[in-house]
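File shown: upload.cif (mmCIF, C-alpha atoms and all ligand atoms).
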```cif
data_my_file
#
loop_
_atom_site.label_atom_id
_atom_site.label_comp_id
_atom_site.auth_asym_id
_atom_site.auth_seq_id
_atom_site.Cartn_x
_atom_site.Cartn_y
_atom_site.Cartn_z
CA MET A 1 95.95 194.52 92.39
CA PRO A 2 95.22 196.26 95.75
CA SER A 3 91.51 196.96 96.23
CA THR A 4 91.76 200.51 97.55
CA ALA A 5 88.57 202.56 97.84
CA LEU A 6 89.42 205.98 96.43
CA ASP A 7 87.65 209.25 97.14
CA PRO A 8 85.48 209.87 94.02
CA VAL A 9 85.84 213.66 94.25
CA GLY A 10 89.61 213.41 94.40
CA VAL A 11 89.54 210.94 91.52
CA ALA A 12 87.50 213.35 89.39
CA GLY A 13 90.11 216.07 89.98
CA ARG A 14 93.01 213.78 89.16
CA ARG A 15 91.36 212.58 85.95
CA ALA A 16 90.66 216.16 84.87
CA ALA A 17 94.29 217.05 85.58
CA TRP A 18 95.43 213.97 83.58
CA ASP A 19 93.40 215.20 80.62
CA THR A 20 95.14 218.58 80.84
CA VAL A 21 98.54 216.90 80.99
CA MET A 22 97.82 214.78 77.90
CA THR A 23 96.56 217.72 75.86
CA GLY A 24 99.68 219.57 77.01
CA PHE A 25 101.70 216.92 75.17
CA VAL A 26 99.35 216.84 72.17
CA PRO A 27 97.05 219.86 71.86
CA GLY A 28 95.25 218.27 68.91
CA LEU A 29 93.84 215.33 70.90
CA PRO A 30 90.29 216.74 71.11
CA ALA A 31 90.29 217.15 67.32
CA LEU A 32 91.51 213.56 66.95
CA GLU A 33 88.63 212.31 69.09
CA ARG A 34 86.15 214.19 66.89
CA VAL A 35 87.67 212.65 63.76
CA ILE A 36 87.56 209.17 65.29
CA GLY A 37 83.88 209.68 66.11
CA THR A 38 82.93 210.93 62.67
CA VAL A 39 84.92 208.33 60.73
CA THR A 40 83.66 205.46 62.87
CA GLU A 41 80.04 206.49 62.44
CA GLY A 42 80.57 207.02 58.71
CA LEU A 43 82.14 203.61 58.14
CA HIS A 44 79.74 201.80 60.42
CA GLY A 45 76.68 203.60 59.08
CA GLY A 46 75.78 204.84 62.58
CA PRO A 47 77.02 204.44 66.14
CA PRO A 48 79.27 201.44 66.77
CA THR A 49 78.09 198.70 69.11
CA ARG A 50 81.42 197.65 70.63
CA VAL A 51 84.52 199.73 71.15
CA LEU A 52 87.78 199.22 73.04
CA ASP A 53 90.53 201.62 74.06
CA LEU A 54 93.96 200.00 74.49
CA GLY A 55 96.23 201.55 77.10
CA GLY A 56 93.19 203.57 78.07
CA GLY A 57 94.73 204.86 81.31
CA PRO A 58 92.21 206.56 83.62
CA GLY A 59 89.52 206.21 80.96
CA LEU A 60 88.93 209.71 79.60
CA LEU A 61 88.57 208.60 75.98
CA ALA A 62 86.51 205.55 76.99
CA GLU A 63 84.20 207.80 79.01
CA ARG A 64 83.74 210.21 76.10
CA MET A 65 83.10 207.36 73.66
CA ALA A 66 80.49 205.94 76.08
CA ALA A 67 78.84 209.38 76.23
CA ARG A 68 78.87 209.79 72.44
CA TRP A 69 77.57 206.26 71.84
CA PRO A 70 75.26 205.45 74.78
CA GLY A 71 74.12 202.20 73.16
CA ALA A 72 77.65 200.88 72.72
CA ARG A 73 79.56 198.56 75.01
CA VAL A 74 82.80 200.36 75.74
CA GLY A 75 85.90 198.81 77.27
CA LEU A 76 89.45 199.77 78.08
CA VAL A 77 92.58 197.71 78.65
CA ASP A 78 95.49 198.86 80.76
CA ILE A 79 98.22 197.46 82.95
CA ASP A 80 98.83 200.33 85.37
CA PRO A 81 97.18 199.66 88.77
CA VAL A 82 96.91 203.38 89.57
CA LEU A 83 95.23 204.31 86.30
CA LEU A 84 92.97 201.25 86.38
CA ALA A 85 91.80 202.24 89.88
CA LEU A 86 91.02 205.78 88.69
CA ALA A 87 89.03 204.39 85.74
CA ARG A 88 87.14 201.89 87.91
CA THR A 89 86.26 204.50 90.52
CA ALA A 90 85.09 207.05 87.97
CA LEU A 91 83.26 204.75 85.58
CA PRO A 92 81.52 202.01 87.54
CA GLY A 93 79.37 199.99 85.17
CA ALA A 94 79.79 202.47 82.30
CA VAL A 95 83.01 201.01 80.90
CA ASP A 96 84.51 197.51 81.11
CA VAL A 97 87.88 198.13 82.75
CA ILE A 98 90.22 195.26 81.87
CA ASP A 99 93.50 194.72 83.68
CA ALA A 100 95.75 193.08 81.08
CA ASP A 101 99.17 193.28 79.50
CA LEU A 102 99.03 194.10 75.79
CA THR A 103 102.30 192.24 75.25
CA ALA A 104 100.88 188.98 76.66
CA PRO A 105 98.62 186.87 74.41
CA ALA A 106 95.97 186.49 77.15
CA TRP A 107 94.70 190.06 76.77
CA THR A 108 92.50 189.15 73.79
CA ALA A 109 90.73 186.43 75.79
CA ALA A 110 89.98 189.02 78.48
CA ALA A 111 88.74 191.54 75.92
CA GLY A 112 86.65 189.22 73.73
CA GLY A 113 85.88 190.12 70.13
CA GLY A 114 83.48 191.66 67.64
CA TYR A 115 84.75 195.24 68.04
CA ASP A 116 83.72 197.93 65.57
CA LEU A 117 86.45 200.25 66.81
CA VAL A 118 89.73 199.71 68.67
CA THR A 119 91.79 202.74 69.65
CA ALA A 120 95.33 203.03 71.01
CA VAL A 121 96.17 206.64 71.84
CA MET A 122 99.69 207.41 73.08
CA THR A 123 100.08 203.73 74.01
CA VAL A 124 102.20 201.93 71.41
CA HIS A 125 105.32 204.02 72.07
CA TYR A 126 105.56 202.04 75.34
CA LEU A 127 106.23 198.91 73.27
CA ASP A 128 109.11 197.67 71.13
CA PRO A 129 108.57 197.12 67.39
CA ALA A 130 108.11 193.32 67.61
CA PRO A 131 105.36 193.49 70.27
CA ILE A 132 103.62 196.24 68.27
CA ARG A 133 103.53 193.94 65.23
CA THR A 134 102.11 191.13 67.40
CA LEU A 135 99.60 193.56 68.89
CA TYR A 136 98.34 194.57 65.44
CA ARG A 137 97.75 190.92 64.57
CA ALA A 138 95.82 190.42 67.82
CA ILE A 139 93.75 193.57 67.24
CA ARG A 140 92.80 192.41 63.78
CA ARG A 141 91.46 189.20 65.29
CA ILE A 142 89.22 191.00 67.81
CA LEU A 143 87.79 193.43 65.24
CA ALA A 144 84.49 192.67 63.54
CA PRO A 145 84.63 192.60 59.72
CA GLY A 146 84.75 196.24 58.60
CA GLY A 147 85.99 197.27 62.06
CA LEU A 148 88.49 200.07 62.49
CA LEU A 149 91.79 200.33 64.36
CA VAL A 150 93.04 203.83 65.16
CA VAL A 151 96.61 204.11 66.46
CA ALA A 152 97.71 207.58 67.51
CA ASP A 153 101.17 208.22 68.83
CA LEU A 154 104.49 209.86 68.25
CA MET A 155 104.84 209.19 64.50
CA PRO A 156 107.35 211.57 62.93
CA ASP A 157 106.63 212.60 59.37
CA ASP A 158 108.15 209.95 57.07
CA HIS A 159 109.05 212.63 54.55
CA ALA A 160 110.88 214.97 56.91
CA PRO A 161 114.67 214.73 56.69
CA THR A 162 115.91 212.45 59.50
CA VAL A 163 117.98 215.16 61.11
CA MET A 164 115.01 217.53 61.14
CA ARG A 165 112.81 214.86 62.67
CA ALA A 166 115.27 214.30 65.49
CA LEU A 167 115.76 217.99 66.14
CA ASP A 168 112.17 219.10 65.64
CA PRO A 169 111.45 221.87 68.13
CA VAL A 170 108.52 220.74 70.20
CA PRO A 171 106.74 223.72 71.70
CA GLY A 172 105.31 223.01 75.12
CA GLU A 173 106.82 219.53 75.50
CA ALA A 174 109.10 220.46 78.39
CA THR A 175 106.14 222.04 80.17
CA ALA A 176 104.06 218.91 79.53
CA GLU A 177 106.87 216.70 80.89
CA LEU A 178 106.94 218.83 84.02
CA ALA A 179 103.15 218.60 84.38
CA TRP A 180 103.38 214.78 83.98
CA THR A 181 106.04 214.54 86.72
CA GLN A 182 104.00 216.82 88.93
CA TRP A 183 100.83 214.75 88.38
CA TRP A 184 102.59 211.58 89.54
CA GLY A 185 104.36 213.48 92.35
CA GLU A 186 101.03 214.62 93.78
CA LEU A 187 99.86 211.00 93.93
CA THR A 188 102.86 209.99 96.00
CA ALA A 189 101.85 212.61 98.56
CA ALA A 190 98.37 211.02 98.93
CA ALA A 191 98.37 208.10 101.38
CA GLU A 192 95.42 206.35 99.72
CA PHE A 193 97.55 205.78 96.61
CA ALA A 194 100.49 204.15 98.43
CA PRO A 195 99.45 200.51 97.79
CA LEU A 196 98.57 201.26 94.17
CA LEU A 197 101.86 203.04 93.57
CA ALA A 198 103.74 200.10 95.11
CA ALA A 199 101.87 197.73 92.77
CA ARG A 200 102.68 200.06 89.87
CA SER A 201 106.40 199.96 90.67
CA GLU A 202 106.23 196.16 90.53
CA VAL A 203 104.43 196.18 87.16
CA PHE A 204 106.86 198.57 85.50
CA ARG A 205 110.06 197.40 87.24
CA ASP A 206 111.10 195.16 84.33
CA ARG A 207 109.13 197.03 81.70
CA PRO A 208 110.90 200.21 80.66
CA THR A 209 108.96 202.37 78.21
CA ALA A 210 110.38 201.61 74.75
CA GLU A 211 109.84 205.22 73.53
CA PHE A 212 109.42 203.77 70.05
CA ALA A 213 108.58 206.36 67.41
CA GLY A 214 108.06 204.71 64.02
CA GLY A 215 106.66 206.92 61.29
CA PRO A 216 103.26 206.33 59.68
CA ALA A 217 104.91 204.22 56.96
CA TRP A 218 106.36 201.89 59.60
CA HIS A 219 102.97 201.48 61.27
CA ALA A 220 101.18 201.06 57.91
CA GLN A 221 103.64 198.33 56.93
CA ALA A 222 103.19 196.58 60.31
CA ALA A 223 99.42 196.80 59.90
CA ARG A 224 99.65 195.36 56.37
CA ALA A 225 101.80 192.50 57.65
CA ALA A 226 99.13 191.90 60.31
CA GLY A 227 96.50 191.47 57.60
CA PHE A 228 94.98 194.96 57.37
CA ALA A 229 94.43 195.58 53.68
CA GLU A 230 93.60 199.28 54.05
CA SER A 231 95.25 201.96 56.15
CA GLY A 232 95.67 205.70 55.93
CA LEU A 233 96.71 208.75 57.89
CA LEU A 234 93.73 210.12 59.80
CA TRP A 235 95.20 213.06 61.67
CA ARG A 236 98.45 214.85 62.40
CA ASP A 237 99.52 217.27 65.11
CA GLY A 238 103.22 218.09 64.91
CA ARG A 239 105.21 214.90 65.49
CA HIS A 240 102.05 213.04 66.52
CA ALA A 241 99.79 211.31 64.04
CA ALA A 242 97.02 208.75 63.85
CA LEU A 243 96.81 205.88 61.42
CA ALA A 244 93.46 204.23 60.69
CA CYS A 245 93.43 200.59 59.57
CA ARG A 246 90.30 198.79 58.50
CA ARG A 247 89.61 195.10 58.76
CA THR A 248 88.05 193.86 55.56
C1 LIG A 301 100.79 207.83 77.90
S1 LIG A 301 99.56 206.78 78.57
C2 LIG A 301 98.16 207.14 77.59
C3 LIG A 301 96.89 206.80 78.28
C4 LIG A 301 95.61 207.12 77.52
N1 LIG A 301 95.57 206.43 76.25
C5 LIG A 301 95.45 208.59 77.32
O1 LIG A 301 95.64 209.07 76.19
O2 LIG A 301 95.13 209.29 78.29
C6 LIG A 301 100.04 205.16 78.00
C7 LIG A 301 99.17 204.07 78.59
O3 LIG A 301 99.54 202.81 78.06
C8 LIG A 301 99.51 201.87 79.12
N2 LIG A 301 100.36 200.72 78.80
C9 LIG A 301 101.68 200.73 78.57
N3 LIG A 301 102.14 199.49 78.33
C10 LIG A 301 101.08 198.66 78.44
C11 LIG A 301 100.92 197.26 78.34
N4 LIG A 301 101.96 196.45 78.06
N5 LIG A 301 99.69 196.74 78.50
C12 LIG A 301 98.63 197.55 78.79
N6 LIG A 301 98.73 198.90 78.90
C13 LIG A 301 99.93 199.44 78.74
C14 LIG A 301 100.02 202.66 80.31
O4 LIG A 301 99.75 202.05 81.53
C15 LIG A 301 99.30 203.97 80.11
O5 LIG A 301 98.04 204.00 80.67
#
```
In structure tokens, what does this structure look like?
Ligand SMILES: C[S@@+](CC[C@H](N)C(=O)[O-])C[C@H]1O[C@@H](n2cnc3c(N)ncnc32)[C@H](O)[C@@H]1O
Amino acid sequence: MPSTALDPVGVAGRRAAWDTVMTGFVPGLPALERVIGTVTEGLHGGPPTRVLDLGGGPGLLAERMAARWPGARVGLVDIDPVLLALARTALPGAVDVIDADLTAPAWTAAAGGGYDLVTAVMTVHYLDPAPIRTLYRAIRRILAPGGLLVVADLMPDDHAPTVMRALDPVPGEATAELAWTQWWGELTAAAEFAPLLAARSEVFRDRPTAEFAGGPAWHAQAARAAGFAESGLLWRDGRHAALACRRT
């Protein structure tokens, strides 16, 4: 990955704009983060000691978890050179920023184990069903006993009629798509990002986003097959939902 020194002030602005783009897609994300915090503390009997955000992008959730749990070791895993550079610039020393591919077995060696909480927010829709199943098995192995996995993504309501699910009107989604395109467009205009964007093109050249959208029942079944005995719906916001799975 190119070692580009980025302007920290510019990075702060880009991360703030990223946060706005993501909540444009899913307005309920702040509420999800609150639920994750409360449930984790409840199950753990206090603040967790080790947490990991998968597909953590520029590290907004990791940063907020580190602020909420100052005694915890917080990490994130991602594959995107641009987003990793934003996270590393913004969070030096505060968060372990791990460059790894969640579809390659080596990521667990890089991440280590003993996690009380593993999150994957808006990440698994990048992957096909088989790699998601493999990922759940790997996550179970890196969780401490009693540890929690929270997967939040596009998870249409299992009980909605199929045709309704497909045609669901999604208020604000077109605007959010535009904001996403604009966010990436602004990076291409900044010379300091040129090497990172070139590296990003390489990474994603043979890795199209799967756009997988299994319902909660699909994810619960995959989690069960991966050895999670307990799982349940934690949160819903329109077509997006979060499933919590606990390692016994
Ligand atoms: C829509 S973004 C969400 C980022 C972050 N979770 C958030 O909510 O702001 C999806 C993230 O998953 C990451 N990702 C996709 N496929 C990946 C893979 N195979 N390994 C690691 N990260 C991956 C992307 O690089 C991106 O950062």
### Query
Which residues form the shell of 6 Å around ligand LIG 301 (chain A) when you count all atoms listed in the file, given as a count of residues only?
14
#### Entry: Atomic separation - CA of Ala67 in chain A relative to CA of Glu186 in chain A, Å
28.8 Å
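Restricting the calculation to all atoms listed in the file, the smallest distance between Pro8 in chain A and any of A:Ala198, A:Leu86, A:Ala31, A:Leu52 is found for A:Leu86.
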Shell of 7 Å around range 223-236 of chain A, only C-alpha atoms, local chain residues under 3 positions omitted, as an mmCIF file with C-alpha atoms, keeping the file's coordinate frame:
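Heads up, here's the output in part22.cif:
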```cif
data_model
loop_
_atom_site.group_PDB
_atom_site.id
_atom_site.type_symbol
_atom_site.label_atom_id
_atom_site.label_comp_id
_atom_site.auth_asym_id
_atom_site.auth_seq_id
_atom_site.Cartn_x
_atom_site.Cartn_y
_atom_site.Cartn_z
ATOM 1 C CA LEU A 32 91.510 213.560 66.950
ATOM 2 C CA ARG A 133 103.530 193.940 65.230
ATOM 3 C CA TYR A 136 98.340 194.570 65.440
ATOM 4 C CA ARG A 137 97.750 190.920 64.570
ATOM 5 C CA HIS A 219 102.970 201.480 61.270
ATOM 6 C CA ALA A 220 101.180 201.060 57.910
ATOM 7 C CA HIS A 240 102.050 213.040 66.520
ATOM 8 C CA ALA A 241 99.790 211.310 64.040
ATOM 9 C CA ALA A 242 97.020 208.750 63.850
ATOM 10 C CA LEU A 243 96.810 205.880 61.420
ATOM 11 C CA ALA A 244 93.460 204.230 60.690
ATOM 12 C CA CYS A 245 93.430 200.590 59.570
ATOM 13 C CA ARG A 246 90.300 198.790 58.500
ATOM 14 C CA ARG A 247 89.610 195.100 58.760
ATOM 15 C CA THR A 248 88.050 193.860 55.560
#
```
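The coordinates place CA of Glu177 in chain A at 9.7 Å from CA of Met22 in chain A.
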#### Entry: Exercise: residues within 10 Å of coordinate (92.4, 206.1, 80.8), counting all atoms listed in the file, as an MDAnalysis selection string
chainID A and resid 15 18:19 53:63 76:78 80 83:88 97 121
### Message
I'd like the neighbourhood of range 40-45 of chain A as a ChimeraX atom specification, where a residue qualifies if any of its atoms comes within 8 Å (using all atoms listed in the file), though same-chain residues fewer than 2 positions away should be ignored.
### Response
/A:36-38,47-48,116-117,146-148
Deliver the residues from the most recent selection as a file, using C-alpha atoms, as a PDB file, in the coordinates of the input.
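Ended up saving to part.pdb:
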```
ATOM      1  CA  ILE A  36      87.560 209.170  65.290  1.00  0.00           C
ATOM      2  CA  GLY A  37      83.880 209.680  66.110  1.00  0.00           C
ATOM      3  CA  THR A  38      82.930 210.930  62.670  1.00  0.00           C
ATOM      4  CA  PRO A  47      77.020 204.440  66.140  1.00  0.00           C
ATOM      5  CA  PRO A  48      79.270 201.440  66.770  1.00  0.00           C
ATOM      6  CA  ASP A 116      83.720 197.930  65.570  1.00  0.00           C
ATOM      7  CA  LEU A 117      86.450 200.250  66.810  1.00  0.00           C
ATOM      8  CA  GLY A 146      84.750 196.240  58.600  1.00  0.00           C
ATOM      9  CA  GLY A 147      85.990 197.270  62.060  1.00  0.00           C
ATOM     10  CA  LEU A 148      88.490 200.070  62.490  1.00  0.00           C
TER      11      LEU A 148
END
```
### Task
Find, counting all atoms listed in the file, the residue in A:Leu178, A:Ala90, A:Ala111, A:Leu29 that gets nearest to Ala138 in chain A.
A:Ala111
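Note that the spacing between CA of Thr134 in chain A and CA of Ala72 in chain A amounts to 26.9 Å.
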## Note on the structure
Restricting to only C-alpha atoms, whichever of A:Val170, A:Arg50, A:Arg34, A:Pro81 is closest to Ser201 in chain A is A:Pro81
### Query
Of the candidates A:Thr175, A:Arg141, A:Ala213, A:Met155, which shows the shortest atom-to-atom distance to Gly238 in chain A, using all atoms listed in the file?
A:Met155
## Note on the structure
Counting all atoms listed in the file, the residue among A:Thr181, A:Asp153, A:Thr89, A:Asp96 that lies closest to Ala120 in chain A is A:Asp153
All file atoms of range 138-142 of chain A boxed axis-aligned, 8 Å per side, centre plus edges, as JSON:
```
{"center_x": 92.5, "center_y": 191.4, "center_z": 65.8, "size_x": 22.6, "size_y": 20.4, "size_z": 20.0}
```
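Closest approach to Gly172 in chain A among A:Val11, A:Val21, A:Val74, A:Ala106: A:Val21, based on all atoms listed in the file.
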Dump of range 34-64 of chain A from preceding block, N, CA, C and O atoms, as a short mmCIF file (atom, residue, chain, number, x, y, z; two decimals), in the first residue's frame:
```cif
data_model
loop_
_atom_site.label_atom_id
_atom_site.label_comp_id
_atom_site.auth_asym_id
_atom_site.auth_seq_id
_atom_site.Cartn_x
_atom_site.Cartn_y
_atom_site.Cartn_z
N ARG A 34 -25.82 3.03 19.45
CA ARG A 34 -26.21 3.10 20.88
C ARG A 34 -26.65 1.72 21.38
O ARG A 34 -26.29 1.28 22.46
N VAL A 35 -27.43 1.02 20.54
CA VAL A 35 -27.90 -0.32 20.93
C VAL A 35 -26.72 -1.26 21.09
O VAL A 35 -26.65 -2.04 22.06
N ILE A 36 -25.77 -1.20 20.15
CA ILE A 36 -24.60 -2.08 20.24
C ILE A 36 -23.87 -1.82 21.56
O ILE A 36 -23.47 -2.75 22.27
N GLY A 37 -23.72 -0.55 21.90
CA GLY A 37 -23.02 -0.19 23.15
C GLY A 37 -23.74 -0.74 24.37
O GLY A 37 -23.12 -1.40 25.23
N THR A 38 -25.03 -0.52 24.42
CA THR A 38 -25.80 -0.95 25.60
C THR A 38 -25.81 -2.48 25.72
O THR A 38 -25.60 -3.02 26.81
N VAL A 39 -26.07 -3.15 24.61
CA VAL A 39 -26.17 -4.62 24.66
C VAL A 39 -24.82 -5.23 25.02
O VAL A 39 -24.73 -6.16 25.83
N THR A 40 -23.76 -4.69 24.44
CA THR A 40 -22.43 -5.23 24.73
C THR A 40 -22.10 -5.09 26.21
O THR A 40 -21.64 -6.04 26.86
N GLU A 41 -22.35 -3.90 26.75
CA GLU A 41 -22.05 -3.68 28.17
C GLU A 41 -22.93 -4.58 29.05
O GLU A 41 -22.47 -5.12 30.06
N GLY A 42 -24.19 -4.75 28.64
CA GLY A 42 -25.10 -5.59 29.42
C GLY A 42 -24.64 -7.03 29.45
O GLY A 42 -24.59 -7.67 30.51
N LEU A 43 -24.28 -7.55 28.28
CA LEU A 43 -23.88 -8.96 28.21
C LEU A 43 -22.53 -9.20 28.87
O LEU A 43 -22.29 -10.24 29.47
N HIS A 44 -21.66 -8.20 28.74
CA HIS A 44 -20.30 -8.38 29.25
C HIS A 44 -20.22 -8.03 30.73
O HIS A 44 -19.23 -8.35 31.39
N GLY A 45 -21.25 -7.35 31.23
CA GLY A 45 -21.24 -6.91 32.63
C GLY A 45 -20.31 -5.71 32.82
O GLY A 45 -19.71 -5.52 33.88
N GLY A 46 -20.20 -4.88 31.79
CA GLY A 46 -19.34 -3.69 31.84
C GLY A 46 -18.69 -3.48 30.49
O GLY A 46 -19.02 -4.17 29.52
N PRO A 47 -17.76 -2.54 30.40
CA PRO A 47 -17.13 -2.28 29.10
C PRO A 47 -16.36 -3.50 28.60
O PRO A 47 -15.76 -4.22 29.39
N PRO A 48 -16.39 -3.74 27.29
CA PRO A 48 -15.61 -4.85 26.74
C PRO A 48 -14.13 -4.51 26.78
O PRO A 48 -13.76 -3.34 26.92
N THR A 49 -13.29 -5.53 26.64
CA THR A 49 -11.84 -5.28 26.65
C THR A 49 -11.24 -5.32 25.25
O THR A 49 -10.21 -4.72 25.02
N ARG A 50 -11.91 -6.03 24.33
CA ARG A 50 -11.37 -6.13 22.97
C ARG A 50 -12.48 -6.09 21.96
O ARG A 50 -13.42 -6.91 22.05
N VAL A 51 -12.43 -5.17 21.03
CA VAL A 51 -13.48 -5.09 20.02
C VAL A 51 -12.87 -4.89 18.64
O VAL A 51 -11.77 -4.34 18.52
N LEU A 52 -13.59 -5.34 17.62
CA LEU A 52 -13.07 -5.29 16.25
C LEU A 52 -14.20 -4.95 15.29
O LEU A 52 -15.28 -5.54 15.36
N ASP A 53 -13.94 -4.01 14.40
CA ASP A 53 -14.93 -3.63 13.40
C ASP A 53 -14.46 -4.11 12.02
O ASP A 53 -13.40 -3.69 11.54
N LEU A 54 -15.24 -4.98 11.41
CA LEU A 54 -14.86 -5.58 10.12
C LEU A 54 -15.40 -4.73 8.96
O LEU A 54 -16.58 -4.38 8.95
N GLY A 55 -14.53 -4.43 8.01
CA GLY A 55 -14.93 -3.52 6.94
C GLY A 55 -15.16 -2.15 7.55
O GLY A 55 -16.12 -1.45 7.23
N GLY A 56 -14.25 -1.77 8.42
CA GLY A 56 -14.45 -0.55 9.24
C GLY A 56 -14.22 0.75 8.51
O GLY A 56 -14.43 1.82 9.07
N GLY A 57 -13.80 0.67 7.22
CA GLY A 57 -13.65 1.88 6.42
C GLY A 57 -12.74 2.90 7.08
O GLY A 57 -11.68 2.56 7.63
N PRO A 58 -13.13 4.16 7.07
CA PRO A 58 -12.26 5.21 7.64
C PRO A 58 -12.29 5.27 9.16
O PRO A 58 -11.68 6.15 9.76
N GLY A 59 -13.00 4.33 9.79
CA GLY A 59 -12.84 4.16 11.24
C GLY A 59 -13.74 5.00 12.13
O GLY A 59 -13.40 5.23 13.29
N LEU A 60 -14.90 5.40 11.62
CA LEU A 60 -15.79 6.22 12.46
C LEU A 60 -16.34 5.41 13.63
O LEU A 60 -16.31 5.86 14.78
N LEU A 61 -16.83 4.21 13.34
CA LEU A 61 -17.38 3.38 14.42
C LEU A 61 -16.27 2.97 15.39
O LEU A 61 -16.45 3.03 16.61
N ALA A 62 -15.12 2.59 14.85
CA ALA A 62 -14.00 2.19 15.72
C ALA A 62 -13.62 3.35 16.64
O ALA A 62 -13.38 3.17 17.84
N GLU A 63 -13.59 4.54 16.09
CA GLU A 63 -13.23 5.73 16.89
C GLU A 63 -14.25 5.95 18.02
O GLU A 63 -13.89 6.21 19.16
N ARG A 64 -15.53 5.79 17.67
CA ARG A 64 -16.57 6.03 18.70
C ARG A 64 -16.56 4.91 19.75
O ARG A 64 -16.81 5.17 20.92
#
```
